[in-house]
file structure.cif (mmCIF, C-alpha atoms and all ligand atoms)
data_work
#
loop_
_atom_site.group_PDB
_atom_site.id
_atom_site.type_symbol
_atom_site.label_atom_id
_atom_site.label_comp_id
_atom_site.auth_asym_id
_atom_site.auth_seq_id
_atom_site.Cartn_x
_atom_site.Cartn_y
_atom_site.Cartn_z
ATOM 1 C CA MET U 1444 7.673 26.645 20.962
ATOM 2 C CA GLN U 1445 5.698 25.244 23.906
ATOM 3 C CA THR U 1446 1.966 24.678 23.576
ATOM 4 C CA LEU U 1447 -0.658 26.198 25.824
ATOM 5 C CA LEU U 1448 -1.273 22.782 27.426
ATOM 6 C CA GLU U 1449 2.420 22.290 28.245
ATOM 7 C CA VAL U 1450 2.816 25.684 29.884
ATOM 8 C CA LEU U 1451 -0.524 25.333 31.654
ATOM 9 C CA GLN U 1452 0.492 21.996 33.157
ATOM 10 C CA LYS U 1453 3.859 23.379 34.273
ATOM 11 C CA THR U 1454 2.184 26.361 35.903
ATOM 12 C CA GLU U 1455 -0.324 24.110 37.661
ATOM 13 C CA ALA U 1456 2.505 21.924 38.979
ATOM 14 C CA TYR U 1457 4.395 25.013 40.147
ATOM 15 C CA PHE U 1458 1.322 26.361 41.926
ATOM 16 C CA ALA U 1459 0.731 22.956 43.578
ATOM 17 C CA LYS U 1460 4.339 22.830 44.778
ATOM 18 C CA ALA U 1461 4.012 26.342 46.147
ATOM 19 C CA GLY U 1462 1.081 25.097 48.252
ATOM 20 C CA LEU U 1463 -1.792 26.948 46.582
ATOM 21 C CA GLU U 1464 -5.182 25.447 47.375
ATOM 22 C CA ARG U 1465 -6.596 25.400 43.832
ATOM 23 C CA PRO U 1466 -3.582 25.162 41.513
ATOM 24 C CA LYS U 1467 -5.507 24.027 38.432
ATOM 25 C CA ALA U 1468 -8.273 26.621 38.705
ATOM 26 C CA ASP U 1469 -5.773 29.412 39.431
ATOM 27 C CA ALA U 1470 -3.578 28.444 36.467
ATOM 28 C CA GLN U 1471 -6.576 28.342 34.129
ATOM 29 C CA TRP U 1472 -7.858 31.698 35.413
ATOM 30 C CA LEU U 1473 -4.453 33.299 34.827
ATOM 31 C CA PHE U 1474 -4.086 31.876 31.322
ATOM 32 C CA ALA U 1475 -7.564 32.978 30.328
ATOM 33 C CA HIS U 1476 -6.662 36.481 31.571
ATOM 34 C CA VAL U 1477 -3.394 36.629 29.619
ATOM 35 C CA LEU U 1478 -4.905 35.154 26.445
ATOM 36 C CA GLY U 1479 -8.009 37.336 26.717
ATOM 37 C CA CYS U 1480 -10.472 34.453 26.569
ATOM 38 C CA ARG U 1481 -12.888 32.590 28.847
ATOM 39 C CA ARG U 1482 -11.582 29.694 30.922
ATOM 40 C CA LEU U 1483 -13.806 27.370 28.936
ATOM 41 C CA ASP U 1484 -12.127 28.430 25.689
ATOM 42 C CA LEU U 1485 -8.729 27.224 26.897
ATOM 43 C CA PHE U 1486 -9.789 23.602 26.344
ATOM 44 C CA LEU U 1487 -10.331 24.297 22.644
ATOM 45 C CA GLN U 1488 -6.835 25.744 22.149
ATOM 46 C CA TYR U 1489 -4.537 23.323 23.964
ATOM 47 C CA ASP U 1490 -2.274 23.007 20.881
ATOM 48 C CA ARG U 1491 -1.922 26.754 20.480
ATOM 49 C CA PRO U 1492 1.744 27.841 20.657
ATOM 50 C CA MET U 1493 2.596 30.192 23.539
ATOM 51 C CA THR U 1494 4.525 33.178 22.194
ATOM 52 C CA ASP U 1495 7.389 34.886 24.023
ATOM 53 C CA GLU U 1496 5.081 37.817 24.608
ATOM 54 C CA HIS U 1497 2.551 35.582 26.352
ATOM 55 C CA LEU U 1498 5.263 34.045 28.509
ATOM 56 C CA GLU U 1499 6.641 37.457 29.456
ATOM 57 C CA ARG U 1500 3.217 38.602 30.546
ATOM 58 C CA LEU U 1501 2.592 35.387 32.474
ATOM 59 C CA ARG U 1502 5.828 35.244 34.443
ATOM 60 C CA PRO U 1503 5.327 38.199 36.822
ATOM 61 C CA LEU U 1504 1.707 37.216 37.402
ATOM 62 C CA VAL U 1505 2.682 33.637 38.271
ATOM 63 C CA ARG U 1506 5.248 35.024 40.699
ATOM 64 C CA ARG U 1507 2.724 37.349 42.358
ATOM 65 C CA ARG U 1508 0.347 34.441 42.880
ATOM 66 C CA ALA U 1509 2.797 31.725 43.965
ATOM 67 C CA GLN U 1510 5.516 33.631 45.799
ATOM 68 C CA ASP U 1511 3.788 36.765 47.032
ATOM 69 C CA ARG U 1512 0.502 34.935 47.671
ATOM 70 C CA GLU U 1513 -1.539 37.739 46.157
ATOM 71 C CA PRO U 1514 -5.213 36.829 45.784
ATOM 72 C CA MET U 1515 -6.101 35.858 42.212
ATOM 73 C CA GLN U 1516 -8.554 38.754 41.892
ATOM 74 C CA TYR U 1517 -5.765 41.290 42.528
ATOM 75 C CA VAL U 1518 -3.424 39.452 40.147
ATOM 76 C CA VAL U 1519 -5.897 39.560 37.261
ATOM 77 C CA GLY U 1520 -7.294 42.930 38.413
ATOM 78 C CA SER U 1521 -11.001 42.114 38.383
ATOM 79 C CA THR U 1522 -13.776 40.073 39.934
ATOM 80 C CA GLU U 1523 -17.405 39.244 39.260
ATOM 81 C CA PHE U 1524 -19.992 40.574 41.682
ATOM 82 C CA TYR U 1525 -23.729 40.038 41.280
ATOM 83 C CA GLY U 1526 -23.418 40.074 37.489
ATOM 84 C CA LEU U 1527 -21.058 43.074 37.380
ATOM 85 C CA THR U 1528 -17.375 42.977 36.471
ATOM 86 C CA LEU U 1529 -15.540 45.104 39.027
ATOM 87 C CA LYS U 1530 -11.974 46.336 38.882
ATOM 88 C CA VAL U 1531 -10.174 45.305 42.081
ATOM 89 C CA ASP U 1532 -6.766 46.150 43.467
ATOM 90 C CA ARG U 1533 -5.089 46.717 46.790
ATOM 91 C CA ARG U 1534 -6.990 49.941 47.363
ATOM 92 C CA ALA U 1535 -10.054 47.977 48.513
ATOM 93 C CA LEU U 1536 -11.300 44.661 49.856
ATOM 94 C CA ILE U 1537 -12.169 41.979 47.300
ATOM 95 C CA PRO U 1538 -15.969 41.627 47.397
ATOM 96 C CA ARG U 1539 -17.014 38.249 48.813
ATOM 97 C CA PRO U 1540 -19.767 35.826 47.726
ATOM 98 C CA GLU U 1541 -21.591 36.378 51.062
ATOM 99 C CA THR U 1542 -21.971 40.027 50.125
ATOM 100 C CA GLU U 1543 -23.678 38.969 46.898
ATOM 101 C CA GLU U 1544 -26.107 37.102 49.148
ATOM 102 C CA LEU U 1545 -26.691 40.352 51.031
ATOM 103 C CA VAL U 1546 -27.495 42.189 47.792
ATOM 104 C CA ASP U 1547 -29.779 39.373 46.686
ATOM 105 C CA LEU U 1548 -31.566 39.399 50.028
ATOM 106 C CA LEU U 1549 -32.334 43.093 49.506
ATOM 107 C CA VAL U 1550 -33.396 42.686 45.887
ATOM 108 C CA GLN U 1551 -35.766 39.849 46.875
ATOM 109 C CA ARG U 1552 -37.161 41.652 49.942
ATOM 110 C CA TYR U 1553 -37.996 44.872 48.129
ATOM 111 C CA GLY U 1554 -39.281 43.091 45.012
ATOM 112 C CA ASP U 1555 -41.271 45.507 42.845
ATOM 113 C CA ALA U 1556 -41.098 48.378 45.340
ATOM 114 C CA PRO U 1557 -37.417 49.356 45.674
ATOM 115 C CA PRO U 1558 -36.399 52.071 48.145
ATOM 116 C CA GLU U 1559 -35.901 55.624 46.853
ATOM 117 C CA ARG U 1560 -32.875 56.732 48.832
ATOM 118 C CA VAL U 1561 -30.152 54.229 49.634
ATOM 119 C CA VAL U 1562 -26.770 54.585 51.322
ATOM 120 C CA ASP U 1563 -23.928 52.050 51.309
ATOM 121 C CA LEU U 1564 -21.560 52.655 54.234
ATOM 122 C CA GLY U 1565 -17.969 51.491 53.647
ATOM 123 C CA THR U 1566 -18.412 50.916 49.930
ATOM 124 C CA GLY U 1567 -14.890 49.616 49.116
ATOM 125 C CA THR U 1568 -14.902 48.761 45.379
ATOM 126 C CA GLY U 1569 -18.468 50.085 45.248
ATOM 127 C CA ALA U 1570 -19.779 46.516 45.040
ATOM 128 C CA ILE U 1571 -23.024 46.856 47.027
ATOM 129 C CA ALA U 1572 -23.869 50.387 45.877
ATOM 130 C CA LEU U 1573 -23.274 49.571 42.214
ATOM 131 C CA ALA U 1574 -25.139 46.249 42.291
ATOM 132 C CA LEU U 1575 -28.149 47.919 43.948
ATOM 133 C CA ALA U 1576 -28.030 50.850 41.512
ATOM 134 C CA GLN U 1577 -28.033 48.357 38.645
ATOM 135 C CA ALA U 1578 -30.963 46.446 40.156
ATOM 136 C CA TRP U 1579 -32.939 49.599 41.043
ATOM 137 C CA PRO U 1580 -32.618 52.105 38.178
ATOM 138 C CA ASN U 1581 -34.728 54.765 39.916
ATOM 139 C CA ALA U 1582 -33.061 54.637 43.323
ATOM 140 C CA GLN U 1583 -30.749 57.438 44.475
ATOM 141 C CA VAL U 1584 -27.716 55.549 45.746
ATOM 142 C CA LEU U 1585 -24.970 57.157 47.816
ATOM 143 C CA ALA U 1586 -21.705 55.360 48.615
ATOM 144 C CA ILE U 1587 -19.508 56.428 51.540
ATOM 145 C CA ASP U 1588 -16.017 55.374 52.578
ATOM 146 C CA SER U 1589 -13.325 56.780 54.853
ATOM 147 C CA SER U 1590 -10.647 55.537 52.455
ATOM 148 C CA ARG U 1591 -9.977 57.957 49.590
ATOM 149 C CA ASP U 1592 -8.203 55.143 47.741
ATOM 150 C CA ALA U 1593 -11.254 52.908 47.928
ATOM 151 C CA LEU U 1594 -13.533 55.742 46.820
ATOM 152 C CA ALA U 1595 -11.328 56.439 43.799
ATOM 153 C CA LEU U 1596 -11.569 52.770 42.798
ATOM 154 C CA ALA U 1597 -15.340 52.716 43.377
ATOM 155 C CA LYS U 1598 -15.733 55.777 41.133
ATOM 156 C CA GLU U 1599 -13.665 54.091 38.406
ATOM 157 C CA ASN U 1600 -16.024 51.122 38.637
ATOM 158 C CA ALA U 1601 -19.105 53.347 38.465
ATOM 159 C CA THR U 1602 -17.781 55.009 35.312
ATOM 160 C CA ALA U 1603 -16.795 51.724 33.665
ATOM 161 C CA LEU U 1604 -20.281 50.329 34.344
ATOM 162 C CA GLY U 1605 -22.146 53.455 33.218
ATOM 163 C CA LEU U 1606 -23.520 53.921 36.734
ATOM 164 C CA GLU U 1607 -22.380 57.529 37.202
ATOM 165 C CA ARG U 1608 -25.678 58.382 38.911
ATOM 166 C CA VAL U 1609 -24.304 56.743 42.083
ATOM 167 C CA GLY U 1610 -23.012 59.468 44.416
ATOM 168 C CA PHE U 1611 -19.762 59.156 46.376
ATOM 169 C CA ARG U 1612 -18.753 60.901 49.614
ATOM 170 C CA HIS U 1613 -15.676 60.714 51.725
ATOM 171 C CA GLY U 1614 -16.066 60.475 55.501
ATOM 172 C CA SER U 1615 -16.687 58.276 58.486
ATOM 173 C CA TRP U 1616 -19.838 56.129 58.492
ATOM 174 C CA LEU U 1617 -22.953 58.337 58.725
ATOM 175 C CA GLU U 1618 -21.165 61.681 59.093
ATOM 176 C CA PRO U 1619 -21.351 62.648 55.380
ATOM 177 C CA LEU U 1620 -25.158 62.119 55.287
ATOM 178 C CA ARG U 1621 -27.292 65.245 54.779
ATOM 179 C CA GLY U 1622 -30.854 63.898 54.740
ATOM 180 C CA PRO U 1623 -32.969 60.893 55.736
ATOM 181 C CA VAL U 1624 -32.833 57.686 53.704
ATOM 182 C CA ASP U 1625 -35.010 54.586 53.189
ATOM 183 C CA LEU U 1626 -32.233 52.003 53.351
ATOM 184 C CA ILE U 1627 -28.864 51.935 55.080
ATOM 185 C CA VAL U 1628 -26.736 48.970 54.060
ATOM 186 C CA SER U 1629 -23.228 48.201 55.225
ATOM 187 C CA ASN U 1630 -20.606 45.496 55.176
ATOM 188 C CA PRO U 1631 -18.241 47.110 57.701
ATOM 189 C CA PRO U 1632 -14.989 45.713 59.094
ATOM 190 C CA TYR U 1633 -15.944 43.103 61.707
ATOM 191 C CA LEU U 1634 -12.975 40.798 62.368
ATOM 192 C CA THR U 1635 -11.817 40.431 65.961
ATOM 193 C CA ALA U 1636 -8.187 41.037 66.916
ATOM 194 C CA GLU U 1637 -7.753 37.261 67.225
ATOM 195 C CA GLU U 1638 -9.294 36.587 63.798
ATOM 196 C CA MET U 1639 -6.931 39.159 62.304
ATOM 197 C CA GLN U 1640 -3.945 37.359 63.814
ATOM 198 C CA THR U 1641 -4.997 34.010 62.399
ATOM 199 C CA ALA U 1642 -6.226 35.307 59.006
ATOM 200 C CA GLU U 1643 -4.774 33.639 55.905
ATOM 201 C CA ALA U 1644 -1.665 35.303 54.494
ATOM 202 C CA GLU U 1645 -3.556 36.203 51.334
ATOM 203 C CA VAL U 1646 -6.000 38.287 53.322
ATOM 204 C CA ALA U 1647 -3.758 39.662 56.057
ATOM 205 C CA GLN U 1648 -0.842 40.629 53.807
ATOM 206 C CA HIS U 1649 -2.687 42.004 50.808
ATOM 207 C CA GLU U 1650 -6.117 43.359 51.697
ATOM 208 C CA PRO U 1651 -6.420 46.702 53.550
ATOM 209 C CA HIS U 1652 -6.545 46.219 57.335
ATOM 210 C CA SER U 1653 -8.882 49.185 57.607
ATOM 211 C CA ALA U 1654 -11.440 47.117 55.660
ATOM 212 C CA LEU U 1655 -11.164 44.083 57.938
ATOM 213 C CA ALA U 1656 -10.278 44.768 61.562
ATOM 214 C CA SER U 1657 -12.595 46.393 64.087
ATOM 215 C CA GLY U 1658 -11.132 46.312 67.579
ATOM 216 C CA ALA U 1659 -10.792 43.483 70.089
ATOM 217 C CA ASP U 1660 -14.279 42.019 69.610
ATOM 218 C CA GLY U 1661 -14.748 43.086 65.981
ATOM 219 C CA LEU U 1662 -17.663 45.323 66.935
ATOM 220 C CA ASP U 1663 -16.122 48.805 67.153
ATOM 221 C CA ASP U 1664 -17.491 49.947 63.781
ATOM 222 C CA LEU U 1665 -20.827 48.156 64.089
ATOM 223 C CA ARG U 1666 -21.385 49.961 67.429
ATOM 224 C CA VAL U 1667 -20.827 53.371 65.817
ATOM 225 C CA ILE U 1668 -23.039 52.557 62.828
ATOM 226 C CA ILE U 1669 -25.950 51.137 64.846
ATOM 227 C CA ALA U 1670 -25.916 54.031 67.324
ATOM 228 C CA GLY U 1671 -25.999 56.574 64.479
ATOM 229 C CA VAL U 1672 -28.613 54.939 62.243
ATOM 230 C CA PRO U 1673 -31.852 56.069 63.979
ATOM 231 C CA GLN U 1674 -31.020 59.709 63.234
ATOM 232 C CA TRP U 1675 -30.929 59.050 59.481
ATOM 233 C CA LEU U 1676 -33.512 56.369 58.698
ATOM 234 C CA LYS U 1677 -36.978 57.479 57.568
ATOM 235 C CA PRO U 1678 -39.904 55.955 59.512
ATOM 236 C CA GLY U 1679 -40.155 52.316 58.427
ATOM 237 C CA GLY U 1680 -36.676 52.535 56.846
ATOM 238 C CA LEU U 1681 -34.425 49.496 56.904
ATOM 239 C CA LEU U 1682 -30.925 48.869 58.265
ATOM 240 C CA VAL U 1683 -29.147 45.843 56.763
ATOM 241 C CA LEU U 1684 -25.706 44.746 57.914
ATOM 242 C CA GLU U 1685 -23.243 42.039 57.023
ATOM 243 C CA THR U 1686 -21.552 40.847 60.215
ATOM 244 C CA GLY U 1687 -19.204 38.289 61.721
ATOM 245 C CA ILE U 1688 -20.667 34.892 62.568
ATOM 246 C CA ALA U 1689 -20.677 35.026 66.383
ATOM 247 C CA GLN U 1690 -21.898 38.567 66.860
ATOM 248 C CA HIS U 1691 -25.682 38.425 66.608
ATOM 249 C CA GLU U 1692 -26.513 38.192 70.338
ATOM 250 C CA THR U 1693 -24.587 41.387 71.024
ATOM 251 C CA LEU U 1694 -25.903 43.032 67.886
ATOM 252 C CA ARG U 1695 -29.488 42.345 68.958
ATOM 253 C CA GLU U 1696 -28.771 44.226 72.199
ATOM 254 C CA LEU U 1697 -27.151 47.119 70.341
ATOM 255 C CA VAL U 1698 -29.994 47.351 67.828
ATOM 256 C CA GLU U 1699 -32.631 47.323 70.563
ATOM 257 C CA ALA U 1700 -30.703 49.843 72.679
ATOM 258 C CA ALA U 1701 -30.658 52.166 69.652
ATOM 259 C CA GLY U 1702 -34.468 51.965 69.504
ATOM 260 C CA LEU U 1703 -34.668 50.068 66.212
ATOM 261 C CA GLN U 1704 -37.343 47.391 65.833
ATOM 262 C CA GLY U 1705 -37.885 43.973 64.252
ATOM 263 C CA PHE U 1706 -34.353 42.610 64.735
ATOM 264 C CA GLU U 1707 -33.782 39.757 62.295
ATOM 265 C CA SER U 1708 -30.746 37.517 62.104
ATOM 266 C CA VAL U 1709 -30.412 35.904 58.669
ATOM 267 C CA PRO U 1710 -27.954 33.080 57.916
ATOM 268 C CA ASP U 1711 -25.792 32.849 54.805
ATOM 269 C CA LEU U 1712 -26.040 29.887 52.420
ATOM 270 C CA SER U 1713 -23.751 27.825 54.645
ATOM 271 C CA GLY U 1714 -26.097 28.369 57.620
ATOM 272 C CA ARG U 1715 -23.938 30.803 59.611
ATOM 273 C CA ASP U 1716 -25.485 33.927 61.138
ATOM 274 C CA ARG U 1717 -24.323 36.613 58.807
ATOM 275 C CA PHE U 1718 -26.865 39.349 58.143
ATOM 276 C CA VAL U 1719 -28.779 41.605 60.505
ATOM 277 C CA LEU U 1720 -31.922 43.519 59.590
ATOM 278 C CA ALA U 1721 -33.816 46.069 61.683
ATOM 279 C CA ARG U 1722 -36.378 48.807 61.063
ATOM 280 C CA GLN U 1723 -36.952 52.351 62.183
ATOM 281 C CA ALA U 1724 -40.267 52.512 64.036
HETATM 282 C C1 LIG U 1801 -15.415 44.923 54.764
HETATM 283 S S1 LIG U 1801 -15.019 46.291 53.706
HETATM 284 C C2 LIG U 1801 -16.456 46.253 52.660
HETATM 285 C C3 LIG U 1801 -16.231 46.795 51.289
HETATM 286 C C4 LIG U 1801 -17.444 46.610 50.343
HETATM 287 N N1 LIG U 1801 -18.640 47.231 50.878
HETATM 288 C C5 LIG U 1801 -17.707 45.139 50.108
HETATM 289 O O1 LIG U 1801 -18.693 44.611 50.633
HETATM 290 O O2 LIG U 1801 -16.920 44.497 49.401
HETATM 291 C C6 LIG U 1801 -15.286 47.661 54.772
HETATM 292 C C7 LIG U 1801 -15.132 49.041 54.164
HETATM 293 O O3 LIG U 1801 -15.393 49.995 55.190
HETATM 294 C C8 LIG U 1801 -14.501 51.091 55.039
HETATM 295 N N2 LIG U 1801 -14.383 51.790 56.316
HETATM 296 C C9 LIG U 1801 -13.614 51.477 57.388
HETATM 297 N N3 LIG U 1801 -13.792 52.379 58.378
HETATM 298 C C10 LIG U 1801 -14.700 53.287 57.914
HETATM 299 C C11 LIG U 1801 -15.300 54.453 58.456
HETATM 300 N N4 LIG U 1801 -14.994 54.880 59.684
HETATM 301 N N5 LIG U 1801 -16.188 55.121 57.698
HETATM 302 C C12 LIG U 1801 -16.500 54.724 56.438
HETATM 303 N N6 LIG U 1801 -15.970 53.610 55.868
HETATM 304 C C13 LIG U 1801 -15.078 52.910 56.596
HETATM 305 C C14 LIG U 1801 -13.214 50.459 54.557
HETATM 306 O O4 LIG U 1801 -12.391 51.421 53.926
HETATM 307 C C15 LIG U 1801 -13.763 49.366 53.623
HETATM 308 O O5 LIG U 1801 -13.869 49.853 52.308
#
call {"tool": "encode", "arguments": {"input": "structure.cif", "output": "structure tokens"}}
result
Amino acid sequence: MQTLLEVLQKTEAYFAKAGLERPKADAQWLFAHVLGCRRLDLFLQYDRPMTDEHLERLRPLVRRRAQDREPMQYVVGSTEFYGLTLKVDRRALIPRPETEELVDLLVQRYGDAPPERVVDLGTGTGAIALALAQAWPNAQVLAIDSSRDALALAKENATALGLERVGFRHGSWLEPLRGPVDLIVSNPPYLTAEEMQTAEAEVAQHEPHSALASGADGLDDLRVIIAGVPQWLKPGGLLVLETGIAQHETLRELVEAAGLQGFESVPDLSGRDRFVLARQA
């Protein structure tokens, strides 16, 4: 019987040959998933024999990663987001680390005085809505998406995390709203047609296009959202958006044309313009 270390090394070599960027990390992640342990614990069990059952479970997952180029998060079926474990699959975009920065920005800005009514437009897995609901136990959080598949996944995540108080509505951007809110947050699709064409296979072939692409200049959805926001934000209420990296000049114009004030462009940790904030007068 082969040991864990032997099979791990073979898998890593196979991943490297297949051209994966992080063959060692991916192999360790997959093994930890199949063995039901943390990655760190693998090092303590290198001599452990790999049973036929383990190998049978590993094989299709290795194939999905190496041949089909499925993102690791879809292969193992989960990801970490701002301290939450979220189920992820092809129904919704895999939440990105930049979006954790967006959540953290909000948590830091509001500090001890969180908003009462919050809406997350284009919730996907529910990442932003659920992380904010966890951080702000008294906030009323509503999550909206036009994809019924994504909403079903987001609801599964809410239930698994005990965050059933988050509300979910199907519809396009602000249309499902019924009353004014203190905070509108959104990470909408914002890739340009050109960025979609040159996107990595992992993204373009596996993640939903409706979560990524937004017309020729990537701004179709942001235009609709920004134009609709003033009708729904309470006085002094905040709009916070995650955006593409070369869009802030145009977004400033759109935000000002909509009558919102205090346009702020905030960079992500790598220094690229990434978040936009603006207030209702
Ligand atoms: C970039 S993903 C963000 C998902 C999630 N908020 C996150 O940060 O991981 C954009 C989301 O917007 C949703 N979406 C696209 N068009 C929409 C529309 N017209 N109305 C509401 N949601 C929409 C997509 O289904 C997708 O879930």
call {"tool": "residues_around", "arguments": {"input": "structure.cif", "residues": "U:Trp1579", "least_positions_apart": "5", "cutoff": "12 Å", "atoms": "all atoms listed in the file", "output": "ChimeraX atom specification"}}
result
/U:1546,1549-1551,1553-1561,1571-1574,1584,1606,1608-1609
call {"tool": "residues_near_ligand", "arguments": {"input": "structure.cif", "ligand": "ligand LIG 1801 (chain U)", "cutoff": "8 Å", "atoms": "all atoms listed in the file", "output": "ChimeraX atom specification"}}
result
/U:1535-1539,1542,1563-1572,1587-1590,1593,1613-1617,1629-1633,1651,1653-1655,1664
call {"tool": "closest_residue", "arguments": {"input": "structure.cif", "among": "U:Asp1592, U:Asp1547, U:Glu1618, U:Glu1449", "to": "U:Val1667", "atoms": "all atoms listed in the file"}}
result
U:Glu1618
call {"tool": "atom_distance", "arguments": {"input": "structure.cif", "atom1": "atom CA of U:Pro1503", "atom2": "atom CA of U:Ser1521"}}
result
16.9 Å
call {"tool": "resolve_selection", "arguments": {"input": "structure.cif", "expression": "the PyMOL selection byres (((chain U and resi 1699) around 12) and not hetatm)", "output": "ChimeraX atom specification"}}
result
/U:1666,1669-1670,1672-1673,1691-1698,1700-1707,1720-1724
call {"tool": "atom_distance", "arguments": {"input": "structure.cif", "atom1": "atom CA of U:Val1624", "atom2": "atom CA of U:Ile1668"}}
result
14.3 Å
call {"tool": "closest_residue", "arguments": {"input": "structure.cif", "among": "U:Leu1527, U:Ile1627, U:Val1719, U:Val1477", "to": "U:Leu1682", "atoms": "only C-alpha atoms"}}
result
U:Ile1627
call {"tool": "residues_around", "arguments": {"input": "structure.cif", "residues": "U:Val1519", "least_positions_apart": "4", "cutoff": "9 Å", "atoms": "only C-alpha atoms", "output": "list of chain:residue names"}}
result
U:Trp1472, U:Leu1473, U:His1476, U:Val1477, U:Leu1504, U:Pro1514, U:Met1515, U:Val1531
call {"tool": "atom_distance", "arguments": {"input": "structure.cif", "atom1": "atom CA of U:Gly1479", "atom2": "atom CA of U:Ala1576"}}
result
28.3 Å
call {"tool": "residues_near_point", "arguments": {"input": "structure.cif", "point": "(3.2, 27.0, 20.6)", "cutoff": "12 Å", "atoms": "all atoms listed in the file", "output": "PDB file with C-alpha atoms, keeping the file's coordinate frame"}}
result
ATOM      1  CA  MET U1444       7.673  26.645  20.962  1.00  0.00           C
ATOM      2  CA  GLN U1445       5.698  25.244  23.906  1.00  0.00           C
ATOM      3  CA  THR U1446       1.966  24.678  23.576  1.00  0.00           C
ATOM      4  CA  LEU U1447      -0.658  26.198  25.824  1.00  0.00           C
ATOM      5  CA  LEU U1448      -1.273  22.782  27.426  1.00  0.00           C
ATOM      6  CA  GLU U1449       2.420  22.290  28.245  1.00  0.00           C
ATOM      7  CA  VAL U1450       2.816  25.684  29.884  1.00  0.00           C
ATOM      8  CA  LEU U1451      -0.524  25.333  31.654  1.00  0.00           C
ATOM      9  CA  GLN U1488      -6.835  25.744  22.149  1.00  0.00           C
ATOM     10  CA  TYR U1489      -4.537  23.323  23.964  1.00  0.00           C
ATOM     11  CA  ASP U1490      -2.274  23.007  20.881  1.00  0.00           C
ATOM     12  CA  ARG U1491      -1.922  26.754  20.480  1.00  0.00           C
ATOM     13  CA  PRO U1492       1.744  27.841  20.657  1.00  0.00           C
ATOM     14  CA  MET U1493       2.596  30.192  23.539  1.00  0.00           C
ATOM     15  CA  THR U1494       4.525  33.178  22.194  1.00  0.00           C
ATOM     16  CA  ASP U1495       7.389  34.886  24.023  1.00  0.00           C
ATOM     17  CA  GLU U1496       5.081  37.817  24.608  1.00  0.00           C
ATOM     18  CA  HIS U1497       2.551  35.582  26.352  1.00  0.00           C
ATOM     19  CA  LEU U1498       5.263  34.045  28.509  1.00  0.00           C
TER      20      LEU U1498
END
call {"tool": "closest_residue", "arguments": {"input": "structure.cif", "among": "U:Ala1509, U:Gly1679, U:Leu1501, U:Ala1475", "to": "U:Ala1459", "atoms": "all atoms listed in the file"}}
result
U:Ala1509
call {"tool": "residues_around", "arguments": {"input": "structure.cif", "residues": "U:Asp1660", "least_positions_apart": "6", "cutoff": "8 Å", "atoms": "only C-alpha atoms", "output": "number ranges by chain"}}
result
U: 1634-1636
call {"tool": "closest_residue", "arguments": {"input": "structure.cif", "among": "U:Leu1485, U:Ala1642, U:Ala1601, U:Ala1595", "to": "U:Arg1533", "atoms": "only C-alpha atoms"}}
result
U:Ala1595
call {"tool": "residues_around", "arguments": {"input": "structure.cif", "residues": "stretch 1461-1464 of chain U", "least_positions_apart": "4", "cutoff": "12 Å", "atoms": "all atoms listed in the file", "output": "PDB file with C-alpha atoms, in the frame of the given file"}}
result
ATOM      1  CA  THR U1454       2.184  26.361  35.903  1.00  0.00           C
ATOM      2  CA  GLU U1455      -0.324  24.110  37.661  1.00  0.00           C
ATOM      3  CA  ALA U1456       2.505  21.924  38.979  1.00  0.00           C
ATOM      4  CA  TYR U1457       4.395  25.013  40.147  1.00  0.00           C
ATOM      5  CA  ALA U1468      -8.273  26.621  38.705  1.00  0.00           C
ATOM      6  CA  ASP U1469      -5.773  29.412  39.431  1.00  0.00           C
ATOM      7  CA  ALA U1470      -3.578  28.444  36.467  1.00  0.00           C
ATOM      8  CA  VAL U1505       2.682  33.637  38.271  1.00  0.00           C
ATOM      9  CA  ARG U1506       5.248  35.024  40.699  1.00  0.00           C
ATOM     10  CA  ARG U1507       2.724  37.349  42.358  1.00  0.00           C
ATOM     11  CA  ARG U1508       0.347  34.441  42.880  1.00  0.00           C
ATOM     12  CA  ALA U1509       2.797  31.725  43.965  1.00  0.00           C
ATOM     13  CA  GLN U1510       5.516  33.631  45.799  1.00  0.00           C
ATOM     14  CA  ASP U1511       3.788  36.765  47.032  1.00  0.00           C
ATOM     15  CA  ARG U1512       0.502  34.935  47.671  1.00  0.00           C
ATOM     16  CA  GLU U1513      -1.539  37.739  46.157  1.00  0.00           C
ATOM     17  CA  PRO U1514      -5.213  36.829  45.784  1.00  0.00           C
ATOM     18  CA  MET U1515      -6.101  35.858  42.212  1.00  0.00           C
ATOM     19  CA  GLU U1643      -4.774  33.639  55.905  1.00  0.00           C
ATOM     20  CA  ALA U1644      -1.665  35.303  54.494  1.00  0.00           C
ATOM     21  CA  GLU U1645      -3.556  36.203  51.334  1.00  0.00           C
TER      22      GLU U1645
END
call {"tool": "axis_aligned_box", "arguments": {"input": "structure.cif", "around": "stretch 1548-1557 of chain U", "padding_each_side": "8 Å", "output": "lines of an AutoDock Vina configuration file"}}
result
center_x = -36.4
center_y = 44.4
center_z = 46.4
size_x = 25.7
size_y = 26.0
size_z = 23.2
call {"tool": "closest_residue", "arguments": {"input": "structure.cif", "among": "U:Asp1532, U:Val1683, U:Arg1621, U:Leu1712", "to": "U:His1649", "atoms": "only C-alpha atoms"}}
result
U:Asp1532
call {"tool": "closest_residue", "arguments": {"input": "structure.cif", "among": "U:Asn1581, U:Ser1708, U:Thr1686, U:Thr1528", "to": "U:Ser1657", "atoms": "only C-alpha atoms"}}
result
U:Thr1686
